[in-house]
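Colleague: Below is the file my_file_9.txt, which contains compact mmCIF, C-alpha atoms.
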```
# COMPACT_ATOMS: atom_id res chain seq x y z
CA ARG V 24 70.12 46.74 -71.60
CA THR V 25 70.82 43.57 -69.65
CA LEU V 26 71.04 45.58 -66.41
CA LEU V 27 67.68 47.21 -67.10
CA ASP V 28 66.12 43.85 -67.86
CA ASN V 29 67.45 42.49 -64.59
CA LEU V 30 66.09 45.44 -62.64
CA GLU V 31 62.67 45.03 -64.22
CA GLU V 32 62.71 41.33 -63.36
CA VAL V 33 63.61 42.06 -59.74
CA GLN V 34 60.82 44.63 -59.51
CA LEU V 35 58.38 42.16 -61.00
CA LEU V 36 59.39 39.48 -58.52
CA ALA V 37 59.08 41.95 -55.66
CA SER V 38 55.64 42.92 -56.89
CA HIS V 39 54.56 39.30 -57.15
CA GLY V 40 55.96 38.65 -53.68
CA ARG V 41 53.97 41.50 -52.18
CA GLU V 42 50.83 40.39 -54.02
CA ARG V 43 51.19 36.87 -52.63
CA GLN V 44 51.85 38.28 -49.17
CA PHE V 45 48.74 40.45 -49.48
CA ARG V 46 46.60 37.41 -50.29
CA ILE V 47 48.05 35.39 -47.41
CA VAL V 48 47.56 38.22 -44.90
CA GLU V 49 44.04 38.85 -46.14
CA GLN V 50 43.15 35.18 -45.67
CA MET V 51 44.65 35.11 -42.17
CA LEU V 52 42.76 38.22 -41.10
CA GLN V 53 39.51 36.87 -42.49
CA GLN V 54 40.03 33.62 -40.58
CA LEU V 55 40.94 35.50 -37.40
CA GLU V 56 37.76 37.55 -37.68
CA GLN V 57 35.68 34.42 -38.21
CA ASN V 58 37.27 32.74 -35.20
CA ALA V 59 36.66 35.80 -33.02
CA GLU V 60 33.02 35.99 -34.08
CA THR V 61 32.44 32.28 -33.36
CA GLN V 62 34.47 32.09 -30.16
CA GLU V 63 31.42 31.26 -28.07
CA LEU V 64 31.19 27.99 -30.01
CA TRP V 65 34.82 26.82 -29.72
CA GLY V 66 36.14 28.89 -26.83
CA VAL V 67 34.94 26.38 -24.24
CA LEU V 68 37.69 24.02 -25.48
CA GLU V 69 35.55 20.92 -24.96
CA THR V 70 36.53 19.01 -28.09
CA GLU V 71 39.59 18.41 -30.22
CA ALA V 72 37.96 20.52 -32.92
CA ASP V 73 37.64 23.41 -30.44
CA ARG V 74 41.30 23.13 -29.54
CA ALA V 75 42.26 23.02 -33.20
CA VAL V 76 40.48 26.34 -33.83
CA ASN V 77 42.14 27.78 -30.75
CA LYS V 78 45.58 26.73 -31.98
CA GLN V 79 44.81 28.21 -35.38
CA THR V 80 43.85 31.51 -33.72
CA LYS V 81 47.09 31.64 -31.75
CA ASP V 82 49.17 30.73 -34.79
CA ILE V 83 47.54 33.48 -36.87
CA LEU V 84 48.14 36.13 -34.19
CA LYS V 85 51.78 35.09 -33.82
CA GLU V 86 52.36 34.99 -37.57
CA LEU V 87 50.74 38.38 -38.16
CA ALA V 88 52.94 39.94 -35.47
CA ASP V 89 56.02 38.31 -36.96
CA ILE V 90 55.21 39.52 -40.49
CA CYS V 91 54.78 43.09 -39.22
CA ARG V 92 58.35 43.39 -37.93
CA ILE V 93 61.77 43.25 -39.55
CA LYS V 94 65.32 43.09 -38.29
CA ARG V 95 66.83 46.49 -37.52
CA THR V 96 69.43 47.70 -39.98
CA GLU V 97 70.80 50.19 -37.45
CA LEU V 98 71.76 49.31 -33.90
CA GLU V 99 69.24 50.46 -31.32
CA PHE V 100 69.62 49.68 -27.63
CA ASP V 101 67.46 46.72 -26.59
CA GLU V 102 65.54 46.76 -29.89
CA GLU V 103 66.36 43.93 -32.27
CA PHE V 104 63.35 44.53 -34.53
CA MET V 105 61.49 47.45 -36.06
CA PRO V 106 58.04 47.64 -37.68
CA ASP V 107 57.67 47.16 -41.42
CA PRO V 108 55.83 50.31 -42.62
CA ASP V 109 54.52 48.61 -45.76
CA ILE V 110 52.99 45.80 -43.72
CA GLN V 111 51.55 48.28 -41.23
CA THR V 112 49.80 50.01 -44.13
CA LEU V 113 48.63 46.69 -45.55
CA TYR V 114 47.17 45.68 -42.20
CA CYS V 115 45.42 49.03 -41.89
CA ASN V 116 43.88 48.71 -45.35
CA LEU V 117 42.64 45.20 -44.51
CA GLY V 118 40.90 46.29 -41.31
CA CYS V 119 43.34 44.62 -38.93
CA PHE V 120 42.60 46.93 -36.01
CA GLN V 121 38.85 46.36 -36.10
CA ILE V 122 39.44 42.61 -36.17
CA CYS V 123 41.85 42.84 -33.25
CA MET V 124 39.26 44.73 -31.22
CA LYS V 125 36.86 41.85 -31.81
CA VAL V 126 39.45 39.55 -30.25
CA LEU V 127 40.12 41.91 -27.35
CA ASN V 128 36.44 42.43 -26.62
CA LEU V 129 36.18 38.70 -25.91
CA LEU V 130 37.73 39.63 -22.57
CA GLU V 131 34.18 40.47 -21.46
CA SER V 132 33.39 36.74 -21.48
CA VAL V 133 36.06 35.97 -18.85
CA GLU V 134 34.60 35.52 -15.38
CA GLU V 135 35.95 34.53 -11.98
CA ASP V 136 34.25 31.93 -9.83
CA GLU V 137 33.32 32.44 -6.18
CA ASN V 138 36.92 31.77 -5.20
CA GLY V 139 38.30 34.34 -7.62
CA GLU V 140 39.60 31.64 -9.97
CA ILE V 141 39.36 31.68 -13.77
CA ASP V 142 38.74 28.44 -15.65
CA GLU V 143 40.82 27.10 -18.53
CA ALA V 144 38.62 28.70 -21.19
CA GLY V 145 38.91 32.11 -19.53
CA LEU V 146 42.67 31.86 -19.12
CA ASN V 147 42.96 30.88 -22.77
CA THR V 148 40.91 33.88 -23.85
CA LYS V 149 43.27 36.14 -21.90
CA GLU V 150 46.26 34.50 -23.58
CA ASN V 151 44.74 35.20 -27.00
CA CYS V 152 44.25 38.82 -25.94
CA ARG V 153 47.93 39.02 -24.97
CA LEU V 154 48.94 37.76 -28.40
CA CYS V 155 46.60 40.31 -29.95
CA ASN V 156 48.24 43.14 -28.02
CA GLU V 157 51.64 41.92 -29.18
CA LEU V 158 50.38 42.27 -32.75
CA LEU V 159 48.96 45.73 -32.05
CA TYR V 160 52.31 46.85 -30.64
CA TRP V 161 53.88 46.36 -34.08
CA PHE V 162 50.78 47.66 -35.84
CA PHE V 163 50.93 51.01 -33.99
CA LEU V 164 54.65 51.58 -33.47
CA GLY V 165 55.76 54.74 -35.26
CA ASN V 166 52.82 54.76 -37.69
CA ALA V 167 50.77 57.95 -37.31
CA LYS V 168 47.76 56.73 -39.28
CA ASN V 169 47.48 53.48 -37.35
CA GLN V 170 48.05 55.31 -34.06
CA GLU V 171 45.20 57.65 -34.88
CA GLU V 172 42.93 54.66 -35.38
CA GLY V 173 43.99 53.12 -32.08
CA TYR V 174 43.68 56.38 -30.15
CA ASP V 175 39.89 56.12 -30.36
CA GLU V 176 40.14 53.02 -28.15
CA LEU V 177 42.61 54.52 -25.67
CA ALA V 178 40.15 54.15 -22.79
CA PHE V 179 39.91 50.41 -23.47
CA PHE V 180 43.66 49.90 -23.23
CA ILE V 181 43.86 51.96 -20.03
CA ASP V 182 40.96 50.08 -18.43
CA ALA V 183 42.58 46.77 -19.43
CA LEU V 184 45.81 47.52 -17.57
CA ASP V 185 44.44 45.46 -14.68
CA ALA V 186 43.28 42.59 -16.89
CA ASP V 187 46.65 40.86 -17.29
CA ILE V 188 46.57 40.97 -21.10
CA ASN V 189 49.68 43.14 -21.55
CA SER V 190 47.86 46.30 -22.53
CA HIS V 191 50.76 48.20 -21.03
CA ILE V 192 52.92 47.36 -24.06
CA VAL V 193 50.37 48.94 -26.39
CA LEU V 194 50.44 52.41 -24.82
CA PRO V 195 54.05 53.32 -25.72
CA ALA V 196 53.52 52.09 -29.28
CA LEU V 197 50.33 54.09 -29.57
CA PHE V 198 52.13 57.39 -28.88
CA LYS V 199 55.67 56.69 -30.13
CA GLY V 200 56.85 59.71 -32.12
CA ASN V 201 53.36 61.22 -32.33
CA GLU V 202 53.45 64.68 -30.78
CA GLY V 203 49.94 65.50 -31.94
CA LEU V 204 48.38 62.59 -30.07
CA MET V 205 50.45 63.29 -26.97
CA LYS V 206 49.06 66.81 -26.80
CA ARG V 207 45.47 65.64 -27.32
CA ILE V 208 45.32 63.18 -24.43
CA PRO V 209 42.76 64.18 -21.77
CA HIS V 210 44.50 64.75 -18.45
CA THR V 211 41.62 62.95 -16.73
CA HIS V 212 43.30 59.71 -17.84
CA LEU V 213 46.38 60.68 -15.84
CA THR V 214 44.29 61.43 -12.76
CA ASP V 215 42.51 58.08 -13.06
CA LEU V 216 45.84 56.23 -13.23
CA VAL V 217 47.18 58.00 -10.14
CA ASP V 218 43.99 57.00 -8.33
CA LYS V 219 44.70 53.40 -9.33
CA ILE V 220 48.21 53.64 -7.93
CA VAL V 221 46.81 54.91 -4.62
CA LYS V 222 43.93 52.44 -4.35
CA VAL V 223 45.20 49.31 -6.10
CA GLY V 224 48.95 49.51 -5.61
CA LYS V 225 52.17 50.52 -7.24
CA THR V 226 52.86 48.85 -10.58
CA HIS V 227 54.88 50.03 -13.55
CA HIS V 228 51.89 49.28 -15.78
CA TYR V 229 50.12 52.36 -14.44
CA LEU V 230 53.11 54.52 -15.30
CA MET V 231 53.42 53.43 -18.92
CA LEU V 232 51.08 56.15 -20.19
CA PHE V 233 52.98 58.81 -18.25
CA SER V 234 56.31 57.84 -19.76
CA SER V 235 54.78 57.58 -23.25
CA ILE V 236 53.57 61.17 -23.54
CA CYS V 237 56.46 63.21 -22.11
CA TYR V 238 58.78 63.60 -25.08
CA VAL V 239 59.28 63.05 -28.81
CA GLY V 240 62.90 62.32 -29.58
CA GLU V 241 64.79 64.98 -27.65
CA LYS V 242 61.81 67.37 -27.54
CA ASN V 243 59.98 67.61 -24.23
CA ILE V 244 56.19 67.80 -24.16
CA VAL V 245 56.31 70.33 -21.35
CA GLU V 246 52.56 70.68 -20.72
CA ASN V 247 52.25 66.94 -20.13
CA GLN V 248 55.33 66.83 -17.92
CA PHE V 249 53.98 69.65 -15.74
CA GLU V 250 50.56 68.00 -15.50
CA ILE V 251 52.06 64.67 -14.47
CA VAL V 252 54.19 66.28 -11.76
CA LYS V 253 51.20 68.27 -10.53
CA ILE V 254 48.99 65.20 -10.30
CA LEU V 255 51.63 63.01 -8.64
CA THR V 256 52.47 65.67 -6.03
CA SER V 257 48.92 66.82 -5.38
CA PRO V 258 48.17 67.11 -1.62
CA GLY V 259 45.99 64.36 -0.25
CA ARG V 260 47.29 61.61 -2.56
```
Kindly transcribe the structure held in the file into structure tokens.
Modeller:
Amino acid sequence: RTLLDNLEEVQLLASHGRERQFRIVEQMLQQLEQNAETQELWGVLETEADRAVNKQTKDILKELADICRIKRTELEFDEEFMPDPDIQTLYCNLGCFQICMKVLNLLESVEEDENGEIDEAGLNTKENCRLCNELLYWFFLGNAKNQEEGYDELAFFIDALDADINSHIVLPALFKGNEGLMKRIPHTHLTDLVDKIVKVGKTHHYLMLFSSICYVGEKNIVENQFEIVKILTSPGR
């Protein structure tokens, strides 16, 4: 009877812990959304108050990413952490992805001057976008439901490969272990990326999508592998 009582107490504490975590995460996401929606007011970083909101935004993005990952229990080469599936589900239920897209879409406000330079406010916006992509990496990784949600914005992440906001880390997480999504990807995206390699230059960022859709575990996605080889070896490229 004592053992059963102890088990019930542990379960109750775990439940209370999750409930408290839910409330904290919900508050952080609400604040992040508010900050994203009011960025035009504080994003210029003209006052101490502006900088305080900016710091709060960064801290929230870092904390949300940290909450979404846990230490690996099994050794995996070069991977110290793994996503927490319960937190991934919690984030999904609280609309995390839609809020993150509000942050990422602030990239549209970043402009270069006549010398191709970006001012402090623009560089800061890009840094916030990088932190957001770090969060999305853990949000997507190995979670089919979250990946499905992110797949609808695949074109955004591909287009942003040149924006220096680390969109290249999102692509592997978006497809990791998801054979269905790998087989659905339009091959036009592959052609566009090869065109970028030819016109812009060779960078591993452009190859991230290729390497992300070729296999699941030890199973090859043959149709994608053939298409990639065909595009890369096409005459005239």
Colleague: Fewer than 3 positions away in the same chain doesn't count, so skip those; otherwise give me all residues within 9 Å of V:Val48, counting all atoms listed in the file, as a PyMOL selection string.
Modeller: chain V and resi 43-45+51-53+87+90+113-114+117
Colleague: For those residues, write C-alpha atoms to a file as a tab-separated table (two decimals), in the coordinates of the input.
Modeller:
```tsv
chain	number	residue	atom	x	y	z
V	43	ARG	CA	51.19	36.87	-52.63
V	44	GLN	CA	51.85	38.28	-49.17
V	45	PHE	CA	48.74	40.45	-49.48
V	51	MET	CA	44.65	35.11	-42.17
V	52	LEU	CA	42.76	38.22	-41.10
V	53	GLN	CA	39.51	36.87	-42.49
V	87	LEU	CA	50.74	38.38	-38.16
V	90	ILE	CA	55.21	39.52	-40.49
V	113	LEU	CA	48.63	46.69	-45.55
V	114	TYR	CA	47.17	45.68	-42.20
V	117	LEU	CA	42.64	45.20	-44.51
```
Colleague: Using Å and a single decimal, report how far atom CA of V:Tyr160 sits from atom CA of V:Val239.
Modeller: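 One can read the atom CA of V:Val239 to atom CA of V:Tyr160 distance as 17.7 Å.
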Colleague: Produce a table with one row for each residue of stretch 60-133 of chain V that has an atom at most 8 Å from any atom of stretch 142-149 of chain V, each row naming the nearest atom pair and its distance in Å at one decimal; use all atoms listed in the file; arrange rows by chain and rising residue number; format as CSV.
Modeller:
```
residue,atom,partner,partner_atom,distance
V:Gly66,CA,V:Ala144,CA,6.2
V:Val67,CA,V:Ala144,CA,5.3
V:Leu68,CA,V:Ala144,CA,6.4
V:Leu129,CA,V:Thr148,CA,7.1
V:Leu130,CA,V:Lys149,CA,6.6
V:Ser132,CA,V:Gly145,CA,7.5
V:Val133,CA,V:Gly145,CA,4.8
```
Colleague: Quick one: of V:Glu137, V:Asp175, V:Asp109, V:Glu150, who's nearest to V:Asn77, counting only C-alpha atoms?
Modeller: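 Closest candidate: V:Glu150.
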Colleague: With only C-alpha atoms as the basis for distance, which of V:Tyr229, V:Phe249, V:Phe180, V:Tyr238 is at the shortest distance from V:Cys152?
Modeller: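 The shortest atom-to-atom distance to V:Cys152 comes from V:Phe180.
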Colleague: Calculate how many Å separate atom CA of V:Cys119 from atom CA of V:Glu63, rounding to one decimal.
Modeller: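 Atom CA of V:Glu63 lies at a distance of 20.9 Å from atom CA of V:Cys119.
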Colleague: Do you know which residues lie at most 12 Å from (47.6, 45.1, -31.1), with coordinates as in the file and all atoms listed in the file counted, and could you write them as a PyMOL selection string?
Modeller: chain V and resi 84-85+87-88+91+111+114-115+119-127+151-164+169-170+172-174+176-177+180+188-197
Colleague: To one decimal place, how far is atom CA of V:Ala167 from atom CA of V:Asn201 in Å?
Modeller: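 Interatomic distance, atom CA of V:Ala167 to atom CA of V:Asn201: 6.5 Å.
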Colleague: Under the rule that all atoms listed in the file are counted, which of V:Asn166, V:Glu246, V:Asp73, V:Asn128 is the nearest residue to V:Ala59?
Modeller: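 Closest candidate: V:Asn128.
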Colleague: Distance cut-off 10 Å, centre (60.1, 63.0, -17.1) in file coordinates, counting only C-alpha atoms: which residues qualify? Return them as a list in words.
Modeller: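 The distance filter leaves exactly Phe233, Ser234, Ser235, Ile236, Cys237, Tyr238, Asn243, Ile244, Val245, Asn247, Gln248, Phe249, Ile251 and Val252 of chain V.
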Colleague: Hey, which of V:Ile254, V:Thr96, V:Pro106, V:Glu171 ends up closest to V:Thr211? Count all atoms listed in the file.
Modeller: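 Answer, going by the shortest atom-to-atom distance: V:Ile254.
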Colleague: Please define a box with edges along x, y and z of the file around all atoms of stretch 115-124 of chain V given in the file, extend it by 5 Å on each side, and return its centre and edge lengths in Å to one decimal, as JSON.
Modeller:
```
{"center_x": 42.1, "center_y": 45.8, "center_z": -38.3, "size_x": 16.6, "size_y": 16.4, "size_z": 24.1}
```
